[in-house]
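Q: Please read through the structure below; I'll follow up with questions.
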Protein chains: 2
Amino acid sequence: MSRQRPKDLTALSAHEAARAIREGVISSVELVGACLARIDAREPEIEAWAHLDPELALSEAREADSALARGDDVGPLHGVPVGAKDIFDTSDFPTENGSPVFAGRRPERDATCVDALRNAGAIIIGKTVTTELALLTPARTRNPANLAHTPGGSSAGSAAAVADHMVPAALGSQTAGSIIRPASFCGVYGFKPTLGLVPRRGVLMQSHTLDTVGLYGRCVEDLALVTDYMTAIDPDDVVSFRRSRPPLLGTTRARPPVPPRFAFVKPPPWIDADKDMQAALEALVAKLGDRAIEIEMPVLADVIEFQRIVQLAENALYYGPLLDEAPEHISPGLTKRLEEGRAVDAQAYLRAITGREPAYRAVAAGMRGFSAILTAAALGPAPEGFAATGSPIMNGLWTYLGMPTVSLPLLEAKGLPVGVQLVGLRHDDARLLRTARWLAEEFMA
Amino acid sequence: MSRQRPKDLTALSAHEAARAIREGVISSVELVGACLARIDAREPEIEAWAHLDPELALSEAREADSALARGDDVGPLHGVPVGAKDIFDTSDFPTENGSPVFAGRRPERDATCVDALRNAGAIIIGKTVTTELALLTPARTRNPANLAHTPGGSSAGSAAAVADHMVPAALGSQTAGSIIRPASFCGVYGFKPTLGLVPRRGVLMQSHTLDTVGLYGRCVEDLALVTDYMTAIDPDDVVSFRRSRPPLLGTTRARPPVPPRFAFVKPPPWIDADKDMQAALEALVAKLGDRAIEIEMPVLADVIEFQRIVQLAENALYYGPLLDEAPEHISPGLTKRLEEGRAVDAQAYLRAITGREPAYRAVAAGMRGFSAILTAAALGPAPEGFAATGSPIMNGLWTYLGMPTVSLPLLEAKGLPVGVQLVGLRHDDARLLRTARWLAEEFMA
């Protein structure tokens, strides 16, 4: 092989790793072994993993290497380790949903998207820590960027594991801000695709209107590559849409025909945001010159409230029975939240649900002539301490509108990473990722 | 022309009338004139019409005849008069939704389905009486089968007008039982297609989850013919489905490849149904021999409750603002209903909404091996008096499940018509109508 062997295997992106394995530059056993060694060294401090099985991962890596040695055709993620938040059902690991209610639970089947990743050749190296039932009560994970700070939530372990080079990519999920906020806090790339792009069968349901599968990676290209193997129509999923899902990777890798234009948006909570983060974003916008223009979107105030109401009411529908059956296993914070959800009346819920499409049309109209919305990924850098996971308010509104969003780890504030959030039109995931890649490269240059 | 001129033009079905006009056997002016004469004679007793404009209808008929005289290509409903319930927006008639709140309201645009009928050549001869806001408070219309009885509701005028030979076909709508129940009471053919088959833009909204456009006709063929020109994808309608809408008429006219088999279903309210109607249905089932088998569907009890909750809550969402703005124009019965709807909590609403697909799957599984469900179209014949419009409970459950249903005027009880309700799988409208035609012909034979 003519290619040079990379020095630090744990720094490889998923697409680099897949190519290196395919071309025999490295073996899957070497890569998985390097990831396990990194986990072994760092896990006592980070606590990103809920379930690990090094022997299983290594035996799958050996099988992957044998297949290559035999000259088998292999999938595009062949031999690449991937982590999965512990709300994705896996047949070979427990899936405990971050709650003692599900202690020791072992699903019989993989989630559809986990199956899809295995089908593409990926190795599920372990399950990452989630907050309680993928909601707000923090888990034990620490932020690799500063161990005294929260990594955010709910996909805390996945974000921290990718940030700490324990694994090149990891699955997360977002109902309000559970992918994008930890990506911003930990300084990794995060992607929440268009609602309904990736099937949710086998993933803990907390809100059928909002729950979205997404992931973390080390570059924009990986977000496209991994998502491409999870997209599918699922007739049993109420938000699954019946239309073609064009591959993301080719478009993501392409150069935009003209440089993108950004609608710089400050949703209402911007006024409460960290001033240093505001300054960092404003500086980025200034650097973009006439490629970024500030736009008002007054409808967003309603959208924030709509998302709040819908998530509260649907959380109570799905988790209320757990509270009735095992109140001793539900945290006080979640108990309070579920009681609040049960008190929502149908009129408020219906106003929120029926307000979504008109609000989306207003936002889409405001985006005309722009490639993407550019906005903050959180209210600021990761808060200190572990009493809370930070506010998802800068994310929930886009989740509610079903729009694809990405967080790019391009900025800093107070010595901590902060993400740039880009938001695209529904079903326009590929162009959003292409725009994101352009911005990341432009900014890094 | 070789064809014989029919004696009573008002007895023609829509497809017979369209053919006779196209072939020059009759003119549109003659047909419209005959309908107007019939209305003139009978309207004082029936009170089926909210708005009529004989001059406008005749001038459109003259235009239709001129087009034919010129040798123009014409649409499949060319020159055929059709009535529309007064909740369908029309640009040339007021649309008052059966409520003083909307007195004198004149929409600028036709409803999408009204436009579609005009496009096919139909003449909108007038607007038919609806109950208050298409709900339960009766209007003034009488049942042509017995003037002392209600015609049912809410599409009272459309059902009565078709039954009384004032017009060959008329549009209705159903949220619980507003098409099928009046069809049964008045002794006409009624059709509520699969939810989302016909666009609802320009039709009064009382429940986005339930409202369905349908119609009355004088035979099964007409139900297919008229519906065929109204089906369309509407991306702005949340229940519109993105799949092909195969033409209904060809299949409806075909002979079933094997004689249909019927699942005879008695939903829970059957125990309260009129005994004479029960006997008439049982006799029909006995006559069908091994082509009809009684099937239990225990899930239907839940479905009835789901429909009730969803309609109550969504009614309050759409009509609540009217109650706030003009309480003096809302009847006491509707006021009470809207207050009840406002008290529904989001958990009850969500349980109902999320229960729909599992319930549909259970019903569809129970229908395996059968062409259609055969059941009662109402709790009995039209009740005497005008204090109420009868119960929609035998219809609301199928409406909730989004399934196509048809009422066939094949039976009698206590000297009044009662319908046979057939229910098909979603998107299987064509086969349902083919089955319905088979049963109508078999029974009439």
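Going through the structure tokens in order, the chains are called A, B, and so on, while each chain numbers its residues from 1 and the ligands are numbered from 1 in the order shown.
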Where does chain A meet chain B within 10 Å, residue by residue, with the nearest atom pair and distance in Å to one decimal for each, counting only C-alpha atoms, listed by chain and rising number, as JSON lines?
A:
```
{"residue": "A:His208", "atom": "CA", "partner": "B:Thr354", "partner_atom": "CA", "distance": 9.1}
{"residue": "A:Asp236", "atom": "CA", "partner": "B:Glu357", "partner_atom": "CA", "distance": 8.7}
{"residue": "A:Val238", "atom": "CA", "partner": "B:Glu357", "partner_atom": "CA", "distance": 9.1}
{"residue": "A:Phe241", "atom": "CA", "partner": "B:Arg242", "partner_atom": "CA", "distance": 9.2}
{"residue": "A:Arg242", "atom": "CA", "partner": "B:Arg242", "partner_atom": "CA", "distance": 7.3}
{"residue": "A:Arg243", "atom": "CA", "partner": "B:Arg242", "partner_atom": "CA", "distance": 8.6}
{"residue": "A:Ile309", "atom": "CA", "partner": "B:Ala346", "partner_atom": "CA", "distance": 9.8}
{"residue": "A:Val310", "atom": "CA", "partner": "B:Ala346", "partner_atom": "CA", "distance": 9.3}
{"residue": "A:Leu312", "atom": "CA", "partner": "B:Ala346", "partner_atom": "CA", "distance": 9.9}
{"residue": "A:Ala313", "atom": "CA", "partner": "B:Ala346", "partner_atom": "CA", "distance": 6.4}
{"residue": "A:Glu314", "atom": "CA", "partner": "B:Leu350", "partner_atom": "CA", "distance": 7.4}
{"residue": "A:Asn315", "atom": "CA", "partner": "B:Gln347", "partner_atom": "CA", "distance": 9.9}
{"residue": "A:Ala316", "atom": "CA", "partner": "B:Gln347", "partner_atom": "CA", "distance": 7.4}
{"residue": "A:Leu317", "atom": "CA", "partner": "B:Gln347", "partner_atom": "CA", "distance": 6.0}
{"residue": "A:Tyr318", "atom": "CA", "partner": "B:Arg351", "partner_atom": "CA", "distance": 9.7}
{"residue": "A:Gly320", "atom": "CA", "partner": "B:Gln347", "partner_atom": "CA", "distance": 9.5}
{"residue": "A:Gly341", "atom": "CA", "partner": "B:Gln347", "partner_atom": "CA", "distance": 8.3}
{"residue": "A:Arg342", "atom": "CA", "partner": "B:Gln347", "partner_atom": "CA", "distance": 6.3}
{"residue": "A:Ala343", "atom": "CA", "partner": "B:Asp345", "partner_atom": "CA", "distance": 7.1}
{"residue": "A:Val344", "atom": "CA", "partner": "B:Ala346", "partner_atom": "CA", "distance": 5.6}
{"residue": "A:Asp345", "atom": "CA", "partner": "B:Asp345", "partner_atom": "CA", "distance": 4.1}
{"residue": "A:Ala346", "atom": "CA", "partner": "B:Ala346", "partner_atom": "CA", "distance": 3.9}
{"residue": "A:Gln347", "atom": "CA", "partner": "B:Leu317", "partner_atom": "CA", "distance": 6.0}
{"residue": "A:Ala348", "atom": "CA", "partner": "B:Ala346", "partner_atom": "CA", "distance": 8.0}
{"residue": "A:Tyr349", "atom": "CA", "partner": "B:Ala346", "partner_atom": "CA", "distance": 6.2}
{"residue": "A:Leu350", "atom": "CA", "partner": "B:Leu317", "partner_atom": "CA", "distance": 7.1}
{"residue": "A:Arg351", "atom": "CA", "partner": "B:Leu317", "partner_atom": "CA", "distance": 7.3}
{"residue": "A:Thr354", "atom": "CA", "partner": "B:His208", "partner_atom": "CA", "distance": 9.0}
{"residue": "A:Glu357", "atom": "CA", "partner": "B:Asp236", "partner_atom": "CA", "distance": 8.6}
{"residue": "A:Pro358", "atom": "CA", "partner": "B:Asp236", "partner_atom": "CA", "distance": 9.8}
```
Q: Could you please take those selected residues and save N, CA and C atoms as an mmCIF file, in the first residue's frame?
A:
```cif
data_model
loop_
_atom_site.group_PDB
_atom_site.id
_atom_site.type_symbol
_atom_site.label_atom_id
_atom_site.label_comp_id
_atom_site.auth_asym_id
_atom_site.auth_seq_id
_atom_site.Cartn_x
_atom_site.Cartn_y
_atom_site.Cartn_z
ATOM 1 N N HIS A 208 -43.950 11.798 19.416
ATOM 2 C CA HIS A 208 -43.987 11.355 18.021
ATOM 3 C C HIS A 208 -43.884 12.533 17.057
ATOM 4 N N ASP A 236 -44.768 2.699 9.118
ATOM 5 C CA ASP A 236 -45.356 2.666 10.458
ATOM 6 C C ASP A 236 -44.978 3.876 11.299
ATOM 7 N N VAL A 238 -45.305 7.760 11.899
ATOM 8 C CA VAL A 238 -46.229 8.821 11.467
ATOM 9 C C VAL A 238 -45.534 10.012 10.823
ATOM 10 N N PHE A 241 -41.820 10.388 5.640
ATOM 11 C CA PHE A 241 -42.450 10.953 4.437
ATOM 12 C C PHE A 241 -42.177 10.056 3.242
ATOM 13 N N ARG A 242 -43.155 10.038 2.369
ATOM 14 C CA ARG A 242 -43.132 9.153 1.222
ATOM 15 C C ARG A 242 -42.587 9.920 0.030
ATOM 16 N N ARG A 243 -41.293 10.118 -0.010
ATOM 17 C CA ARG A 243 -40.683 10.730 -1.181
ATOM 18 C C ARG A 243 -39.235 10.295 -1.207
ATOM 19 N N ILE A 309 -45.172 23.253 24.434
ATOM 20 C CA ILE A 309 -46.474 22.636 24.739
ATOM 21 C C ILE A 309 -46.535 21.216 24.181
ATOM 22 N N VAL A 310 -46.123 21.058 22.945
ATOM 23 C CA VAL A 310 -46.216 19.737 22.310
ATOM 24 C C VAL A 310 -45.303 18.745 23.020
ATOM 25 N N LEU A 312 -44.206 18.851 26.142
ATOM 26 C CA LEU A 312 -44.761 18.574 27.479
ATOM 27 C C LEU A 312 -45.897 17.557 27.406
ATOM 28 N N ALA A 313 -46.855 17.807 26.513
ATOM 29 C CA ALA A 313 -48.043 16.946 26.452
ATOM 30 C C ALA A 313 -47.675 15.548 25.960
ATOM 31 N N GLU A 314 -46.816 15.474 24.952
ATOM 32 C CA GLU A 314 -46.472 14.151 24.412
ATOM 33 C C GLU A 314 -45.541 13.391 25.376
ATOM 34 N N ASN A 315 -44.638 14.093 26.053
ATOM 35 C CA ASN A 315 -43.852 13.438 27.107
ATOM 36 C C ASN A 315 -44.771 12.757 28.112
ATOM 37 N N ALA A 316 -45.805 13.459 28.536
ATOM 38 C CA ALA A 316 -46.720 12.895 29.537
ATOM 39 C C ALA A 316 -47.448 11.673 28.978
ATOM 40 N N LEU A 317 -47.780 11.718 27.687
ATOM 41 C CA LEU A 317 -48.447 10.555 27.081
ATOM 42 C C LEU A 317 -47.541 9.328 27.136
ATOM 43 N N TYR A 318 -46.287 9.493 26.763
ATOM 44 C CA TYR A 318 -45.402 8.322 26.649
ATOM 45 C C TYR A 318 -44.769 7.917 27.979
ATOM 46 N N GLY A 320 -45.928 9.104 31.141
ATOM 47 C CA GLY A 320 -46.902 9.091 32.238
ATOM 48 C C GLY A 320 -47.120 7.691 32.803
ATOM 49 N N GLY A 341 -47.162 18.261 32.101
ATOM 50 C CA GLY A 341 -47.615 17.795 30.788
ATOM 51 C C GLY A 341 -49.043 17.283 30.822
ATOM 52 N N ARG A 342 -49.383 16.618 31.910
ATOM 53 C CA ARG A 342 -50.747 16.093 32.021
ATOM 54 C C ARG A 342 -51.781 17.195 32.175
ATOM 55 N N ALA A 343 -51.344 18.364 32.587
ATOM 56 C CA ALA A 343 -52.286 19.474 32.782
ATOM 57 C C ALA A 343 -52.505 20.287 31.501
ATOM 58 N N VAL A 344 -51.772 19.982 30.453
ATOM 59 C CA VAL A 344 -51.970 20.728 29.199
ATOM 60 C C VAL A 344 -53.359 20.405 28.648
ATOM 61 N N ASP A 345 -54.091 21.429 28.234
ATOM 62 C CA ASP A 345 -55.410 21.122 27.667
ATOM 63 C C ASP A 345 -55.330 20.955 26.151
ATOM 64 N N ALA A 346 -56.333 20.269 25.621
ATOM 65 C CA ALA A 346 -56.290 19.895 24.201
ATOM 66 C C ALA A 346 -56.287 21.124 23.292
ATOM 67 N N GLN A 347 -56.908 22.227 23.730
ATOM 68 C CA GLN A 347 -56.933 23.421 22.883
ATOM 69 C C GLN A 347 -55.527 23.983 22.700
ATOM 70 N N ALA A 348 -54.758 24.041 23.791
ATOM 71 C CA ALA A 348 -53.387 24.546 23.691
ATOM 72 C C ALA A 348 -52.565 23.629 22.792
ATOM 73 N N TYR A 349 -52.751 22.328 22.992
ATOM 74 C CA TYR A 349 -52.017 21.360 22.171
ATOM 75 C C TYR A 349 -52.387 21.532 20.695
ATOM 76 N N LEU A 350 -53.690 21.648 20.430
ATOM 77 C CA LEU A 350 -54.150 21.764 19.038
ATOM 78 C C LEU A 350 -53.693 23.069 18.394
ATOM 79 N N ARG A 351 -53.683 24.165 19.163
ATOM 80 C CA ARG A 351 -53.190 25.421 18.594
ATOM 81 C C ARG A 351 -51.720 25.269 18.198
ATOM 82 N N THR A 354 -51.526 22.823 15.055
ATOM 83 C CA THR A 354 -52.025 23.421 13.816
ATOM 84 C C THR A 354 -51.252 24.691 13.462
ATOM 85 N N GLU A 357 -47.499 24.306 10.496
ATOM 86 C CA GLU A 357 -47.294 24.495 9.049
ATOM 87 C C GLU A 357 -47.297 25.972 8.662
ATOM 88 N N PRO A 358 -48.241 26.789 9.179
ATOM 89 C CA PRO A 358 -48.154 28.223 8.859
ATOM 90 C C PRO A 358 -46.831 28.844 9.319
#
```
Q: Enumerate as a VMD selection string all residues of range 13-223 of chain A assigned to alpha helix (DSSP H) by DSSP on the backbone, naming them with the chain letters and numbers the document uses.
A: chain A and resid 14 to 22 28 to 46 54 to 69 112 to 119 156 to 163 180 to 186 220 to 223
Q: Nearest to Phe93 in chain A: which of A:Leu52, A:Ala352, A:Val220, A:Val167 is it, counting only C-alpha atoms?
A: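 Among the listed residues, A:Leu52 lies closest to Phe93 in chain A.
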Q: Point out the residue among B:Ala183, B:Val162, B:Val32, B:Leu338 with the least atom-to-atom distance to Ala382 in chain B, counting only C-alpha atoms.
A: B:Ala183
Q: Neighbouring residues of Arg200 in chain B were defined as those with any atom within 9 Å, considering only C-alpha atoms; residues of the same chain fewer than 4 positions away were excluded. Please report them as a list in words.
A: Phe88, Ala111, Thr112, Cys113, Gly196, Leu204, Met205, Asp211, Thr212, Val213, Asp234, Asp237 and Ser240 of chain B
Q: Report as an MDAnalysis selection string all protein, DNA and RNA residues lying within 12 Å of Pro259 in chain B, evaluated on only C-alpha atoms, omitting residues in the same chain fewer than 4 positions from it.
A: chainID B and resid 254:255 288:292 370:372 434:439 442
Q: How would the residues just chosen look if you wrote them out with C-alpha atoms as a PDB file, in the first residue's frame?
A:
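Output contents, as saved in out_22.pdb:
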```
ATOM      1  CA  ALA B 254     -66.720  -3.813 -13.824  1.00  0.00           C
ATOM      2  CA  ARG B 255     -68.138  -7.102 -12.654  1.00  0.00           C
ATOM      3  CA  LEU B 288     -76.385 -13.496   1.020  1.00  0.00           C
ATOM      4  CA  GLY B 289     -75.790 -16.965   2.503  1.00  0.00           C
ATOM      5  CA  ASP B 290     -72.127 -17.874   2.760  1.00  0.00           C
ATOM      6  CA  ARG B 291     -71.196 -14.583   1.108  1.00  0.00           C
ATOM      7  CA  ALA B 292     -71.779 -12.795   4.464  1.00  0.00           C
ATOM      8  CA  PHE B 370     -63.630 -10.005   2.844  1.00  0.00           C
ATOM      9  CA  SER B 371     -64.471  -7.461   0.164  1.00  0.00           C
ATOM     10  CA  ALA B 372     -66.151  -5.039   2.563  1.00  0.00           C
ATOM     11  CA  ARG B 434     -67.652  -2.119  -7.385  1.00  0.00           C
ATOM     12  CA  THR B 435     -68.775  -4.266  -4.441  1.00  0.00           C
ATOM     13  CA  ALA B 436     -71.571  -1.810  -3.660  1.00  0.00           C
ATOM     14  CA  ARG B 437     -72.798  -1.911  -7.242  1.00  0.00           C
ATOM     15  CA  TRP B 438     -72.774  -5.707  -7.189  1.00  0.00           C
ATOM     16  CA  LEU B 439     -74.850  -5.742  -3.987  1.00  0.00           C
ATOM     17  CA  GLU B 442     -78.037  -8.422  -6.744  1.00  0.00           C
TER      18      GLU B 442
END
```
Q: Find the spatial neighbours of Thr131 in chain B, counting only C-alpha atoms, within a cut-off of 10 Å - ignore same-chain residues fewer than 6 positions away - and output them as a PyMOL selection string.
A: chain B and resi 85-87+97-99+137-141+152-157+178+389
Q: The selected residues should be written to file as a compact mmCIF listing (two decimals), in the first residue's frame (atoms: N, CA and C atoms).
A:
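Generated file (again-v8.txt):
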```
# COMPACT_ATOMS: atom_id res chain seq x y z
N LYS B 85 -73.72 21.56 -0.66
CA LYS B 85 -74.01 21.94 0.73
C LYS B 85 -73.47 23.34 1.00
N ASP B 86 -74.16 24.10 1.79
CA ASP B 86 -73.78 25.52 1.96
C ASP B 86 -72.58 25.73 2.88
N ILE B 87 -71.69 24.73 2.94
CA ILE B 87 -70.38 24.95 3.59
C ILE B 87 -69.26 24.87 2.56
N ASN B 97 -72.70 28.66 5.77
CA ASN B 97 -72.34 27.64 6.76
C ASN B 97 -73.44 27.32 7.77
N GLY B 98 -74.67 27.62 7.41
CA GLY B 98 -75.79 27.29 8.30
C GLY B 98 -75.78 28.06 9.61
N SER B 99 -75.20 29.25 9.60
CA SER B 99 -75.09 30.00 10.85
C SER B 99 -75.23 31.49 10.60
N THR B 137 -77.25 20.84 15.51
CA THR B 137 -78.47 21.62 15.66
C THR B 137 -79.25 21.63 14.33
N PRO B 138 -80.47 21.10 14.33
CA PRO B 138 -81.19 20.88 13.06
C PRO B 138 -81.48 22.17 12.31
N ALA B 139 -81.62 22.02 10.98
CA ALA B 139 -82.10 23.10 10.14
C ALA B 139 -83.57 22.80 9.79
N ARG B 140 -84.10 23.47 8.78
CA ARG B 140 -85.53 23.40 8.52
C ARG B 140 -85.94 22.30 7.55
N THR B 141 -84.99 21.62 6.94
CA THR B 141 -85.29 20.66 5.87
C THR B 141 -86.12 19.48 6.38
N GLY B 152 -82.15 13.84 8.71
CA GLY B 152 -80.80 13.66 9.24
C GLY B 152 -79.98 14.91 9.00
N GLY B 153 -78.72 14.84 9.38
CA GLY B 153 -77.83 15.99 9.20
C GLY B 153 -76.41 15.50 9.22
N SER B 154 -75.48 16.36 8.94
CA SER B 154 -75.67 17.76 8.68
C SER B 154 -75.96 18.07 7.22
N SER B 155 -75.69 17.15 6.30
CA SER B 155 -75.90 17.44 4.87
C SER B 155 -77.37 17.23 4.50
N ALA B 156 -78.27 17.85 5.28
CA ALA B 156 -79.70 17.61 5.17
C ALA B 156 -80.24 17.98 3.80
N GLY B 157 -79.93 19.17 3.34
CA GLY B 157 -80.48 19.65 2.09
C GLY B 157 -80.01 18.84 0.89
N SER B 178 -72.41 12.72 8.76
CA SER B 178 -73.18 13.75 8.07
C SER B 178 -73.52 13.45 6.62
N THR B 389 -81.39 15.48 14.69
CA THR B 389 -81.14 14.88 13.37
C THR B 389 -80.76 13.41 13.45
```
Q: With only C-alpha atoms as the counted atoms, please give the residues lying no more than 12 Å from Glu43 in chain A, apart from itself and same-chain residues fewer than 3 positions off, as a PyMOL selection string.
A: chain A and resi 35-40+46-52+128-129+140-144+147+157+160-161+164-166
Q: Just to be explicit: take each residue in the selection above, keep N, CA and C atoms, and write the result as a CSV table (one decimal), in the first residue's frame.
A:
```
chain,number,residue,atom,x,y,z
A,35,CYS,N,-9.5,2.7,19.7
A,35,CYS,CA,-10.7,3.4,20.3
A,35,CYS,C,-10.9,2.8,21.7
A,36,LEU,N,-10.8,1.5,21.9
A,36,LEU,CA,-11.0,0.9,23.2
A,36,LEU,C,-9.9,1.3,24.2
A,37,ALA,N,-8.7,1.4,23.7
A,37,ALA,CA,-7.6,1.9,24.5
A,37,ALA,C,-7.8,3.3,25.0
A,38,ARG,N,-8.3,4.1,24.1
A,38,ARG,CA,-8.6,5.5,24.4
A,38,ARG,C,-9.7,5.6,25.5
A,39,ILE,N,-10.8,4.8,25.2
A,39,ILE,CA,-11.9,4.7,26.2
A,39,ILE,C,-11.3,4.2,27.6
A,40,ASP,N,-10.5,3.2,27.5
A,40,ASP,CA,-9.9,2.7,28.8
A,40,ASP,C,-9.2,3.8,29.6
A,46,ILE,N,-14.4,10.8,31.9
A,46,ILE,CA,-15.4,11.3,31.0
A,46,ILE,C,-16.8,10.6,31.3
A,47,GLU,N,-16.8,9.3,31.6
A,47,GLU,CA,-18.0,8.6,31.8
A,47,GLU,C,-19.0,8.8,30.7
A,48,ALA,N,-18.6,8.4,29.5
A,48,ALA,CA,-19.5,8.6,28.3
A,48,ALA,C,-20.2,7.3,28.0
A,49,TRP,N,-19.8,6.2,28.6
A,49,TRP,CA,-20.4,4.9,28.1
A,49,TRP,C,-21.3,4.3,29.1
A,50,ALA,N,-22.4,3.8,28.6
A,50,ALA,CA,-23.4,3.1,29.5
A,50,ALA,C,-23.1,1.6,29.4
A,51,HIS,N,-22.8,1.1,28.2
A,51,HIS,CA,-22.5,-0.3,28.0
A,51,HIS,C,-21.4,-0.5,27.0
A,52,LEU,N,-20.4,-1.3,27.4
A,52,LEU,CA,-19.2,-1.6,26.5
A,52,LEU,C,-19.0,-3.1,26.5
A,128,THR,N,-23.9,4.7,24.5
A,128,THR,CA,-23.4,5.9,25.2
A,128,THR,C,-24.5,6.4,26.2
A,129,VAL,N,-24.0,7.1,27.2
A,129,VAL,CA,-24.8,7.6,28.3
A,129,VAL,C,-25.8,8.6,27.8
A,140,ARG,N,-24.1,11.3,34.3
A,140,ARG,CA,-22.8,11.5,35.0
A,140,ARG,C,-21.7,12.0,34.0
A,141,THR,N,-22.0,12.0,32.7
A,141,THR,CA,-20.9,12.4,31.8
A,141,THR,C,-20.3,13.8,32.0
A,142,ARG,N,-19.0,13.9,31.7
A,142,ARG,CA,-18.3,15.2,31.8
A,142,ARG,C,-17.9,15.7,30.4
A,143,ASN,N,-17.7,17.0,30.4
A,143,ASN,CA,-17.4,17.6,29.1
A,143,ASN,C,-15.9,17.5,28.8
A,144,PRO,N,-15.5,16.8,27.8
A,144,PRO,CA,-14.0,16.7,27.5
A,144,PRO,C,-13.3,18.0,27.3
A,147,LEU,N,-13.5,19.4,32.2
A,147,LEU,CA,-14.2,18.4,33.0
A,147,LEU,C,-15.1,18.9,34.1
A,157,GLY,N,-23.4,11.3,26.3
A,157,GLY,CA,-22.3,10.4,26.1
A,157,GLY,C,-21.8,10.3,24.6
A,160,ALA,N,-19.7,13.5,24.0
A,160,ALA,CA,-18.5,13.5,24.7
A,160,ALA,C,-17.5,12.5,24.1
A,161,ALA,N,-18.1,11.3,23.7
A,161,ALA,CA,-17.2,10.2,23.2
A,161,ALA,C,-16.6,10.7,21.8
A,164,ASP,N,-14.0,13.4,22.5
A,164,ASP,CA,-12.8,12.9,23.2
A,164,ASP,C,-12.0,11.8,22.4
A,165,HIS,N,-12.4,11.7,21.1
A,165,HIS,CA,-11.7,10.7,20.2
A,165,HIS,C,-11.8,9.3,20.7
A,166,MET,N,-12.9,9.0,21.4
A,166,MET,CA,-13.2,7.6,21.7
A,166,MET,C,-13.8,6.8,20.6
```
Q: Between A:Val101, A:Ile179, A:Ala170, A:Leu374, which residue has the minimum interatomic distance to Leu322 in chain A, considering only C-alpha atoms?
A: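 Using only C-alpha atoms, Leu322 in chain A sits closest to A:Val101.
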Q: For CA of Gly79 in chain B and CA of Ala64 in chain B, quote the distance in Å rounded to one decimal.
A: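 Atom-to-atom, CA of Gly79 in chain B and CA of Ala64 in chain B are spaced 5.5 Å apart.
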Q: What is the distance, in Å and to one decimal place, between CA of Asp8 in chain B and CA of Ile180 in chain B?
A: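 Spanning CA of Asp8 in chain B to CA of Ile180 in chain B is a straight-line distance of 26.8 Å.
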Q: Pick out the residues sitting within 6 Å of Pro404 in chain A, and hand them over as a PyMOL selection string; count only C-alpha atoms, and ignore anything fewer than 5 positions along from it in its own chain.
A: chain A and resi 192-194+423-424+429
Q: Check the smallest atom-to-atom distance from each of A:Asn146, A:Thr209, A:Asn119, A:Thr10 to Ile353 in chain B using only C-alpha atoms, then report the winner.
A: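 Selected residue with least distance to Ile353 in chain B: A:Thr209.
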Q: Please determine, counting only C-alpha atoms, which residue among B:Val299, B:Leu416, B:Ala440, B:Leu210 has the shortest atom-to-atom distance to Val239 in chain B.
A: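 Closest residue, counting only C-alpha atoms: B:Leu210.
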Q: Taking only range 7-130 of chain B into account, list the residues labelled strand (DSSP E or B) by DSSP (computed from the backbone), as a list in words.
A: Trp49, Ala50, His51, Leu52, Pro81, Val82, Gly83, Ala84, Lys85, Phe88, Ile123, Ile124, Ile125, Gly126, Lys127 and Thr128 of chain B
Q: Which value, in Å to one decimal, gives the distance between CA of Gly380 in chain A and CA of Gln278 in chain A?
A: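 These atoms are spaced 8.1 Å apart.
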